[in-house]
Each structure stands twice: as C-alpha cells, then as structure tokens.
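> Could you have a look at this structure, given as structure tokens, before my questions?
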Amino acid sequence: MDERDQLFRILFEQSDDANLLLDDRGYFFDCNAATLKLLCATAKEQVLNCQPAELSPEFQPDGQRSADKAGQMIAAALREGSQRFEWMHRRLNGTELWVEVLLTAIPWQNRLILHTTWRDMTERRQLKEALASRIIALTRPLDDQESVEFEDLFDLEEIQNLQDLFAQATGVASIITRVDGVPITRPSNFCELCENLIRNTAQGVKNCYHSDAIIGRHNPHGPVIQPCLSGGLWDAGASITVGGKHIANWLIGQVRDQTQDEERMREYARKIGIDEQCFMEAFHEVPTMPKAQFEKVAWALFALAKQLSTLAYQNVQQARFITERQHHEQRIERLAYYDPLTDLPNRTLLAQRAELALALAARSGTELAVLFLDLDRFKEINDSLGHPEGDELLIQVARRLRESVREVDTVSRLGGDEFVLLLPAVGFTGALSVADKLLAIFRQPFIVAGHRLHTAFSVGIALYPNDGGSFDELLKNADTALYQAKRNGRNTRVFYAQEMNVASMARLLLEAQLRHALEAGQLHAYYQPKLRLADGKLMGAEALIRWHHPERGLIPPHQFIPVAEASDLIVFLGEWMIKEVCLQMAIWRDAGLLPLTIAVNLESRHFRERGLVTYIEGLLGIYGLPPEALELELTESTLIETSTQTMDTLQGLKRLGVGLAIDDFGTGYSSLSYLKRLPVTALKIDQSFVRDMVDNADDRTLAKTIVVMGHSLGLQVVAEGVETEQQRRILLEQGCDLAQGYLFSRPLSAEGFTEWLSRSF
C-alpha cells in the first residue's frame, strides 16, 4: 500500500462520520466503525453486500421508493462526479435516522466507485420539524376555534426571563395566563399570601383564575386596574393580541396600600377556608405601594404587552411568508415530476424509473414490459359532458389503474387520455395477464356527474429486451402497437412486432402526403348516381372522395381514410368535400342541369363540432343553393353515441332543411324507438344485405324489414351496391325507393357524371 492509499485508509477508518464504499453495481463493499455505530450494527457483514435501499424504509418521506431514488442518486453521482442530499435510513434495530449523504465518484481498479459519507442530522431534522410545526401553527386562521396559542408565537423561556425582570424592577408580582386565567408562565415575585395560602385551596385557585380572566380582558385604550376578588390587593392586567385576536393576559399585582379593609380580608379568608391568623400575618407581609405608583407600573405593563402584540403579528406574517414560499417551492418540485390532474408520475419521472428498471433488468437478466394505453371515446365524452367532467373521469381512471397493479409498477399519465404502465420483471405472459385484467376491470362503468360512463382502453405492449433496449425505443414501439390495437377495433391489446414499424413509417408518410394533397389539389370528388326504382329517374348522387397521387396514381379510399380518421385530417377532408360538392352543384345548376340532391359522408367527429351548421349554412348562401340540394350521411355508430352537442347539430341541420341519411343501416344497433327521436330523413340499406339477397332468404328478409321500418317512420329508403337486374327487381318489389350501384354507374368524376347524364337522360 503506497503512502497515499495509507493516508486515505486512516482518514476512512478514523472519521467520526460514517464512511462507506459503493461499487458500480450499487452494493456496499466496505465501511468504517462509525457506520456500524450509526446503524447499531455489531459487524461489517451486516452492512456489506447490501444496497442503500436495504438499509432504508421502503419509501422516502417525499413518496419515492427508496430503491428508485437511490438508483437515481447513484446514476447522477457517477454521471456528474458527486451528489449531496438528505436521506432517511433505518438502523438494524428498526429505528429511523436522517443523514446527509455525500456521494463522490472515484477511480478504483480501472472503474468508478462511490465514496459515501453519512452525517447524522437527526437532531437537526427534529429542530427543523419543530420549526415547521410552529410555522404551521402560526399560519392557522386566527378566527379558527383551534387558533394560534401564545407558546406558538414566543420562546417561553425568553418570555419568562422578561416577566421576571419586569417583576423585580417594579416590585410587583407577575404572571402570564391564557384568556381564561389558566397560567402559561411560572409566577414571578409572588407573595406568600397568594402562592402558598390562597392558591393552595380549590376555591382560591378558582377565584384567582376568574379574577385574572376579568382583569386581563382586552382593552385597547389602557390597562385594567382594580382590586382582586379578595378586595385587599391591587391587580392590573393588559391583553396580548395577534391580528386583533386576544390570546393571553399579562397580569401584575399583589401589592396593597393603606386603603384596604382588614375586616374584608378576614371575611375572604373564612370564605375560602384559610385560618384567619395565618392569612392576616401573610397579608401584612405583602409589600405596600401607593395606588398612583401602581398605576404607572400598570401603564408600563400595557406598553410592553402592546409591543408583544406587535411582535406576535410580525411573527405570524413572517411565518406565513415562509410557509407560502415553501409551498410554492414544493409545488414547483411536484409539477416537475407529477401530473397535476391525476397526481401520477409524468413522463420525466417515468423515464427516470424506466432507466433504473432497465439497468436492473440488464443486470439480473429479467424482462420488463411497457404498456401504452389510450382511453377509447374520451374526446366524445369530453366534448359532450364538458372538460370538468372529462377531468373527473381521468382522475377516476388513474385511481382504478393504480389499484390494479403492483406497488413496484409505475402508472404514468403522458397527457390527454394517454397512460403508460412500467412493469419490472414482467414478460409476455405477465403483460398479457395485466392487459386482459385491465380490459376486464374497465368494463365496469364510471359514475361522473350522475352519468354512468362506459369506456375502455386500447393497449399497445412492448417487451424488453426483444422490442428495444432503451425506454424511448420501448415507448415508441408500444405506441406503434397501440395504433394497431385501435385499427383492430379498439378495446383490445396488441403486442409489438417488427413489421409494424414498416407499416408505421408508411402510415406517417401517407399522412404527410395527404396533408400536401389537400393543398396541392390532388383530391377530387366523384359522384355515383342514385335512381328512383319505380321509374328509373335520376334523383341525385353520392359524392365520394378520390386521391390522384402524381406518382402512385389513384389511391383507394380504404388506404387513406383510416389515416385521416386517426388524426385531425378527417375534419379538413369533410369540410373540403362539402365545399367542393356545393361548388360543383352551383356549376351544374348554372349549366341548366336537373336540380339534384348530392349526399356527402361525414365522420362522427364532424357532428360534435359546434360550427358545422353555421359552416354549411354559409356555403349554401355563397353558392346560391337550396338546403334540400345537400344531404349528409352518417353512420349508425354516430347516432348510438349521440352526445348533447351531436343532437344539437342534427336538430340544427334539420331546421336548416339539409337531409340526413343513416349510412350502412342494419350493421349497427339502432332500434325503432331510438330512430323515432332522431331528425333523419333517409335510411341506406348496407350493400352486404344487397349482395347476397338473390340467393339468401335472410338477407332478403332483412332488406324488406328495413324498407318497412323506414316507411313506417316516413323515411326514404336507399339501397347501396346494386349490381344485378335481379337485385333491382327484388328491391323494387319490396318497395325500396332509391338505389345506387354498378348496375347503373360506377362513381364518376364531375366531367364524367355530366357526360353520363347527357347520354342517359
């Protein structure tokens, strides 16, 4: 051992502070005698090969797990060179102690280790906690029944010294009591008569308390001066207040002058049960003082009590300032790591815990799961019930998630309706079990503002190490799996697979290209004619969007519409489509073509937008179109999930005169009673019933039922996907009103539709 190592060893072993060495895996491998004494250990073996969390309570006072926080501090010290912080350890006898920890990274045998110093700060923490509790007491509302006490505001020993000095300097007895006369301080300069005779009887003590309460009553104009209840001694008192609230009495007295009546004193002795002779001997020993002089002392007392009242108020104000500053600092620190709405860890704290969990998983060779959860239909709930109710739902969701996982797991809110679960030591089977458990638990409704809300999660799952070696990679891949879960119909879970990345990149590219297509004029409206079955007359058309990509050619709607629905693009597409159709109808009308009704498909999100009615009304006015020229098609699911805003929009469109048709009718869950309440004007039989109706009796029956149901409600019925003459004849026999499909025409561009119209009619 060289001289430098020998010096380090001496300093290490002989230090009064606990010294330990921590290896790069987070285990203690050496300590000094002061460490054993601090932890109440008898041998180094009780400390070595332990991690800091094993010598600590499970949670630190700030709520963080000791294992998590220790890992963060160790990682920071290795990264930055040192860390200083306060820590609660647990001795081997079970008691807890506060230490100040200094971690210093030092090179050792070609690697970094941590030299650890613990300094016992238990006494300092106790003083700090005592001060904190005093500050808390000082900041309670002064009109509270449990308001501040005198001893919360002042150091009683200092007040006792002040009281003693005042009594000695003026020759009077003195005491400070509560407002009811019960003593706070020890008596100063009390005479034999009061201390050992009167206050030694139950009635005498009671009378003294009563007298002190009366004489110490609050009087802002000066001291209260009057004889005590015995009638033979002078007493005076001044109140001590804080913020105008009376909290204590400072009393002086136990002096007499020649005006006191001795017979009255004898009577008082008999009344409280004291021997008259002893009482009078003690009375004659009470010092005499002229009343005028006593009044001067009383006014000096009043001035001193007033100064104490001012000091008390300053103490309260200072304490409140300190408390508010501490609360502000705590709020800032809390906001840095926790979601303010749900109090769940935020992304920052989640990333820190994930870093530690991944390091432990790598060291132990275990797996780890990241579950990315998205709340289905949350935007609809938020829009229909309001943001306060939406926030309450998120709080309840967070609570239910916390209650559904282990203590070692982390539940985090990333923002909006997105949550992430970090599950240490969990592989495929465990993650599948947790996901299925959550899906089952969330089938139970939430009660928010008197509403029973049914919601569910879509879950994407990524596993370490197969799906990524870092937290960012795992989170990205779990998000990719989440998107696939949504595409699979929501309320389900999907594990990440590598081929999803290719699809994810393609989806992002397609979304970017679609945004460009909106601006570059690559989107076009195509029109499929709708004919009246009874006489073959053209009644209108359904407008369908088409994308002509300059390089890829015609991109089918089923490829880009889901991408638009997963983003805000679907709203822009809908607005563009309505405007394009209105413009084309105006062109046709100016050209003298037949007045037609053109139908436009809108996604449910459009009907939750408050400005839809105003937007359509404005377009109809700009292009000089009657409201009946436009029909909007919506799905059954839109109606079933009808919110207050959606219903208001539908009613507004009805008042405007715009037609409303239920698209793909028969594939949802609409009931007759429900349809009666909705302002729809038409039903469209889904093409799946039309396709096989020639050979399938059930499909024919279903189509007939829809026709009868629609007519019973006064609605027009339209059949989609009519491709054969046999289908047309069956629908005609069933009384269906209109039909569209390849039998009549494929969807056509505006120019193609005009040509078709001139040829056919």
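If you're wondering about the labels, chains in the structure tokens are A, B, ... by order shown, residues count from 1 in each chain, ligands from 1 in order shown.
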Which stretch 471-568 of chain A residues have any atom within 12 Å of an atom of stretch 354-358 of chain A, and for each, what is the nearest pair of atoms with distance in Å to one decimal, counting only C-alpha atoms, rows sorted by chain and number, as CSV?

```
residue,atom,partner,partner_atom,distance
A:Phe471,CA,A:Ala354,CA,6.2
A:Asp472,CA,A:Ala354,CA,9.6
A:Glu473,CA,A:Ala354,CA,11.6
A:Leu474,CA,A:Ala354,CA,10.1
A:Leu475,CA,A:Ala354,CA,10.3
```
> Residues of the last selection are to be written out with N, CA, C and O atoms, as a short mmCIF file (atom, residue, chain, number, x, y, z; two decimals), in the first residue's frame.

```
data_model
loop_
_atom_site.label_atom_id
_atom_site.label_comp_id
_atom_site.auth_asym_id
_atom_site.auth_seq_id
_atom_site.Cartn_x
_atom_site.Cartn_y
_atom_site.Cartn_z
N PHE A 471 -35.64 3.05 -23.06
CA PHE A 471 -37.03 3.40 -22.75
C PHE A 471 -37.69 4.08 -23.94
O PHE A 471 -38.84 3.78 -24.28
N ASP A 472 -36.97 4.98 -24.60
CA ASP A 472 -37.56 5.68 -25.76
C ASP A 472 -37.96 4.69 -26.85
O ASP A 472 -39.02 4.83 -27.47
N GLU A 473 -37.13 3.69 -27.08
CA GLU A 473 -37.43 2.71 -28.11
C GLU A 473 -38.63 1.86 -27.72
O GLU A 473 -39.52 1.59 -28.55
N LEU A 474 -38.68 1.46 -26.45
CA LEU A 474 -39.82 0.65 -25.98
C LEU A 474 -41.12 1.45 -26.05
O LEU A 474 -42.16 0.92 -26.45
N LEU A 475 -41.06 2.72 -25.67
CA LEU A 475 -42.26 3.55 -25.69
C LEU A 475 -42.74 3.75 -27.13
O LEU A 475 -43.95 3.69 -27.41
#
```
> List every residue of stretch 49-282 of chain A that DSSP, applied to the backbone of this structure, places in helix (DSSP H, G or I), and write the result as a PyMOL selection string.
chain A and resi 52-55+66-80+122-138+150-153+156-170+192-200+202-215+262-272+276-282
> Calculated over only C-alpha atoms, which of the candidates A:Val717, A:Leu301, A:Leu360, A:Ile274 has the smallest distance to A:Asp68?
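Between A:Val717, A:Leu301, A:Leu360, A:Ile274, the residue approaching A:Asp68 most closely is A:Leu360.
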> Within 8 Å of A:Leu36, counting only C-alpha atoms, which residues show up once you throw out same-chain ones fewer than 6 positions away? Write them as a list in words, please.
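The residues that qualify are Ala18, Thr42, Ala43, Lys44 and Val47 of chain A.
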> Write to file, as an mmCIF file, in the first residue's frame, the residues of the selection just made, with all heavy atoms.

```
data_model
loop_
_atom_site.group_PDB
_atom_site.id
_atom_site.type_symbol
_atom_site.label_atom_id
_atom_site.label_comp_id
_atom_site.auth_asym_id
_atom_site.auth_seq_id
_atom_site.Cartn_x
_atom_site.Cartn_y
_atom_site.Cartn_z
ATOM 1 N N ALA A 18 -19.869 8.448 9.201
ATOM 2 C CA ALA A 18 -19.933 7.127 8.587
ATOM 3 C C ALA A 18 -19.345 7.206 7.183
ATOM 4 O O ALA A 18 -19.738 8.048 6.379
ATOM 5 C CB ALA A 18 -21.372 6.641 8.537
ATOM 6 N N THR A 42 -23.177 -4.672 14.720
ATOM 7 C CA THR A 42 -22.067 -5.209 15.521
ATOM 8 C C THR A 42 -20.930 -5.724 14.653
ATOM 9 O O THR A 42 -19.836 -5.961 15.155
ATOM 10 C CB THR A 42 -22.572 -6.350 16.419
ATOM 11 O OG1 THR A 42 -23.204 -7.348 15.595
ATOM 12 C CG2 THR A 42 -23.593 -5.822 17.434
ATOM 13 N N ALA A 43 -21.203 -5.917 13.338
ATOM 14 C CA ALA A 43 -20.174 -6.441 12.452
ATOM 15 C C ALA A 43 -20.384 -5.886 11.049
ATOM 16 O O ALA A 43 -21.509 -5.593 10.641
ATOM 17 C CB ALA A 43 -20.210 -7.971 12.424
ATOM 18 N N LYS A 44 -19.273 -5.739 10.312
ATOM 19 C CA LYS A 44 -19.362 -5.208 8.953
ATOM 20 C C LYS A 44 -20.221 -6.086 8.054
ATOM 21 O O LYS A 44 -20.845 -5.595 7.108
ATOM 22 C CB LYS A 44 -17.966 -5.063 8.348
ATOM 23 C CG LYS A 44 -17.144 -3.911 8.917
ATOM 24 C CD LYS A 44 -15.861 -3.737 8.126
ATOM 25 C CE LYS A 44 -15.075 -2.521 8.634
ATOM 26 N NZ LYS A 44 -13.856 -2.286 7.840
ATOM 27 N N VAL A 47 -23.631 -5.025 7.035
ATOM 28 C CA VAL A 47 -23.791 -3.872 6.146
ATOM 29 C C VAL A 47 -23.310 -4.184 4.734
ATOM 30 O O VAL A 47 -23.947 -3.793 3.747
ATOM 31 C CB VAL A 47 -23.028 -2.649 6.703
ATOM 32 C CG1 VAL A 47 -23.153 -1.450 5.763
ATOM 33 C CG2 VAL A 47 -23.537 -2.298 8.093
#
```
> Between atom CA of A:Arg490 and atom CA of A:Phe378, what distance in Å does the model show, to one decimal?
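So the two atoms, atom CA of A:Arg490 and atom CA of A:Phe378, lie 12.5 Å apart.
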> What does the structure give for the distance between atom CA of A:Thr754 and atom CA of A:Leu593, in Å to one decimal?
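Calculated distance between atom CA of A:Thr754 and atom CA of A:Leu593 is 8.7 Å.
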> Please indicate the distance in Å from atom CA of A:Leu20 to atom CA of A:Gln72, rounded to one decimal place.
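Atom CA of A:Gln72 lies at a distance of 18.3 Å from atom CA of A:Leu20.
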> Within stretch 169-276 of chain A, find each residue whose DSSP state, derived from the backbone, is strand (DSSP E or B), and express the selection as a count of residues only.
32
> Please provide as a PDB file with C-alpha atoms, in the first residue's frame all residues within 6 Å of A:Ala719, with the sequence filter that same-chain residues fewer than 5 positions apart are discarded (counting only C-alpha atoms).

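The file below, part_13.pdb, is the result:
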```pdb
ATOM      1  CA  LYS A 684     -79.450   3.344 -46.658  1.00  0.00           C
ATOM      2  CA  ILE A 685     -79.533  -0.470 -46.775  1.00  0.00           C
ATOM      3  CA  ALA A 739     -80.829   2.622 -55.468  1.00  0.00           C
TER       4      ALA A 739
END
```
> Which residue out of A:Ser749, A:Val426, A:Glu276, A:Ala462 has the minimum interatomic distance to A:Leu523 when only C-alpha atoms are used?
A:Ser749
> Considering only C-alpha atoms, can you say which of A:Thr201, A:Ala70, A:Gly618, A:Thr177 comes closest to A:Ile214?
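For A:Ile214, the nearest of the candidates is A:Thr177.
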> Select, from A:Asp590, A:Ala435, A:Ala478, A:Ala167, the residue with the minimum atom-to-atom distance to A:Ala300, counting only C-alpha atoms.
A:Ala167
> Measuring atom to atom with only C-alpha atoms, identify which of A:Gly611, A:Gly752, A:Gly624, A:Pro562 is nearest to A:Tyr526.
A:Gly752
> From the list A:Pro388, A:Phe28, A:Glu262, A:Leu423, which residue is nearest A:Glu407 when using only C-alpha atoms?
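Closest candidate: A:Leu423.
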> If we count only C-alpha atoms, what is near A:Ala362 at a cut-off of 12 Å, once residues fewer than 3 positions away on the same chain are taken out, given as a short mmCIF file (atom, residue, chain, number, x, y, z; two decimals) with N, CA and C atoms, in the first residue's frame?

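Saved as selection-v4.cif:
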```
data_model
loop_
_atom_site.label_atom_id
_atom_site.label_comp_id
_atom_site.auth_asym_id
_atom_site.auth_seq_id
_atom_site.Cartn_x
_atom_site.Cartn_y
_atom_site.Cartn_z
N ARG A 25 -22.22 -1.49 -9.10
CA ARG A 25 -23.49 -2.21 -9.16
C ARG A 25 -24.47 -1.72 -8.09
N ALA A 354 -37.81 4.19 -15.47
CA ALA A 354 -37.55 3.20 -16.53
C ALA A 354 -36.05 2.97 -16.70
N GLU A 355 -35.27 4.05 -16.61
CA GLU A 355 -33.81 3.93 -16.74
C GLU A 355 -33.25 3.00 -15.67
N LEU A 356 -33.72 3.18 -14.43
CA LEU A 356 -33.27 2.33 -13.33
C LEU A 356 -33.76 0.89 -13.52
N ALA A 357 -35.04 0.75 -13.89
CA ALA A 357 -35.61 -0.60 -14.06
C ALA A 357 -34.90 -1.35 -15.17
N LEU A 358 -34.55 -0.64 -16.25
CA LEU A 358 -33.83 -1.29 -17.35
C LEU A 358 -32.44 -1.71 -16.93
N ALA A 359 -31.78 -0.87 -16.11
CA ALA A 359 -30.44 -1.23 -15.62
C ALA A 359 -30.51 -2.48 -14.74
N GLY A 365 -30.84 -10.03 -15.81
CA GLY A 365 -31.27 -10.86 -16.92
C GLY A 365 -32.77 -11.10 -16.96
N THR A 366 -33.55 -10.17 -16.44
CA THR A 366 -35.00 -10.33 -16.42
C THR A 366 -35.64 -9.48 -17.52
N GLU A 367 -36.93 -9.71 -17.74
CA GLU A 367 -37.66 -8.95 -18.74
C GLU A 367 -38.33 -7.75 -18.10
N LEU A 368 -38.95 -6.93 -18.94
CA LEU A 368 -39.66 -5.74 -18.49
C LEU A 368 -40.70 -5.41 -19.56
N PRO A 424 -41.78 -3.88 -14.09
CA PRO A 424 -40.50 -4.58 -13.96
C PRO A 424 -40.71 -6.08 -13.79
N ALA A 425 -39.73 -6.86 -14.29
CA ALA A 425 -39.72 -8.32 -14.13
C ALA A 425 -41.00 -8.96 -14.66
N TYR A 464 -39.02 -5.67 -23.05
CA TYR A 464 -37.56 -5.65 -23.02
C TYR A 464 -37.07 -7.08 -22.74
N PRO A 465 -36.04 -7.54 -23.45
CA PRO A 465 -35.18 -6.83 -24.40
C PRO A 465 -35.58 -7.01 -25.87
N GLY A 469 -33.96 -1.73 -26.38
CA GLY A 469 -33.04 -1.72 -25.25
C GLY A 469 -33.09 -0.45 -24.45
N SER A 470 -33.81 0.56 -24.95
CA SER A 470 -33.93 1.83 -24.22
C SER A 470 -35.40 2.14 -23.99
#
```
> Please list as a CSV table (one decimal) with N, CA and C atoms, in the first residue's frame every residue within 8 Å of stretch 529-545 of chain A, counting only C-alpha atoms and excluding residues in the same chain fewer than 3 positions away.

```csv
chain,number,residue,atom,x,y,z
A,523,LEU,N,-56.9,16.0,-54.5
A,523,LEU,CA,-58.2,15.3,-54.1
A,523,LEU,C,-59.3,15.8,-55.1
A,524,HIS,N,-60.2,14.8,-55.3
A,524,HIS,CA,-61.3,15.1,-56.3
A,524,HIS,C,-62.6,14.4,-55.7
A,525,ALA,N,-63.7,15.0,-56.0
A,525,ALA,CA,-65.0,14.4,-55.7
A,525,ALA,C,-65.5,13.7,-56.9
A,526,TYR,N,-65.9,12.4,-56.6
A,526,TYR,CA,-66.5,11.5,-57.7
A,526,TYR,C,-68.0,11.4,-57.3
A,557,PRO,N,-59.7,4.8,-51.3
A,557,PRO,CA,-60.1,5.5,-50.0
A,557,PRO,C,-59.8,4.6,-48.8
A,577,MET,N,-64.7,18.4,-48.7
A,577,MET,CA,-65.7,17.7,-49.5
A,577,MET,C,-67.0,18.5,-49.7
A,581,VAL,N,-68.4,19.9,-53.2
A,581,VAL,CA,-69.8,19.5,-53.7
A,581,VAL,C,-70.7,20.7,-54.0
A,596,LEU,N,-80.4,18.4,-58.5
A,596,LEU,CA,-80.2,17.1,-57.8
A,596,LEU,C,-79.8,17.3,-56.3
A,597,THR,N,-80.0,16.2,-55.6
A,597,THR,CA,-79.6,16.2,-54.2
A,597,THR,C,-78.3,15.3,-54.1
A,598,ILE,N,-77.2,16.0,-53.6
A,598,ILE,CA,-75.9,15.3,-53.5
A,598,ILE,C,-75.7,15.0,-52.0
A,599,ALA,N,-75.3,13.7,-51.8
A,599,ALA,CA,-75.0,13.2,-50.4
A,599,ALA,C,-73.5,13.2,-50.2
A,600,VAL,N,-73.1,13.7,-49.0
A,600,VAL,CA,-71.7,13.7,-48.6
A,600,VAL,C,-71.6,12.9,-47.3
A,601,ASN,N,-70.6,12.0,-47.2
A,601,ASN,CA,-70.4,11.2,-46.0
A,601,ASN,C,-69.6,12.1,-45.0
A,728,ARG,N,-82.2,-5.5,-58.4
A,728,ARG,CA,-83.1,-4.3,-58.7
A,728,ARG,C,-84.5,-4.7,-58.6
A,732,LEU,N,-87.3,-3.4,-55.9
A,732,LEU,CA,-88.5,-2.8,-56.4
A,732,LEU,C,-89.7,-3.4,-55.8
A,736,CYS,N,-88.5,-0.5,-52.1
A,736,CYS,CA,-87.4,0.4,-51.9
A,736,CYS,C,-87.5,1.6,-52.8
A,737,ASP,N,-87.1,2.7,-52.3
A,737,ASP,CA,-87.3,4.0,-53.1
A,737,ASP,C,-86.2,4.2,-54.1
A,738,LEU,N,-85.0,4.3,-53.6
A,738,LEU,CA,-83.9,4.7,-54.5
A,738,LEU,C,-82.8,3.6,-54.4
A,739,ALA,N,-81.9,3.6,-55.4
A,739,ALA,CA,-80.8,2.6,-55.5
A,739,ALA,C,-79.6,3.2,-56.2
A,740,GLN,N,-78.5,2.7,-55.8
A,740,GLN,CA,-77.2,3.1,-56.4
A,740,GLN,C,-76.3,1.9,-56.5
A,741,GLY,N,-75.4,1.9,-57.5
A,741,GLY,CA,-74.5,0.7,-57.7
A,741,GLY,C,-74.1,0.6,-59.1
A,744,PHE,N,-76.1,0.7,-62.4
A,744,PHE,CA,-76.4,2.0,-63.0
A,744,PHE,C,-75.2,2.8,-63.5
A,745,SER,N,-74.2,2.8,-62.6
A,745,SER,CA,-73.0,3.5,-62.9
A,745,SER,C,-71.9,3.4,-61.8
A,747,PRO,N,-68.8,5.2,-59.7
A,747,PRO,CA,-68.5,6.6,-59.3
A,747,PRO,C,-67.8,7.3,-60.5
```
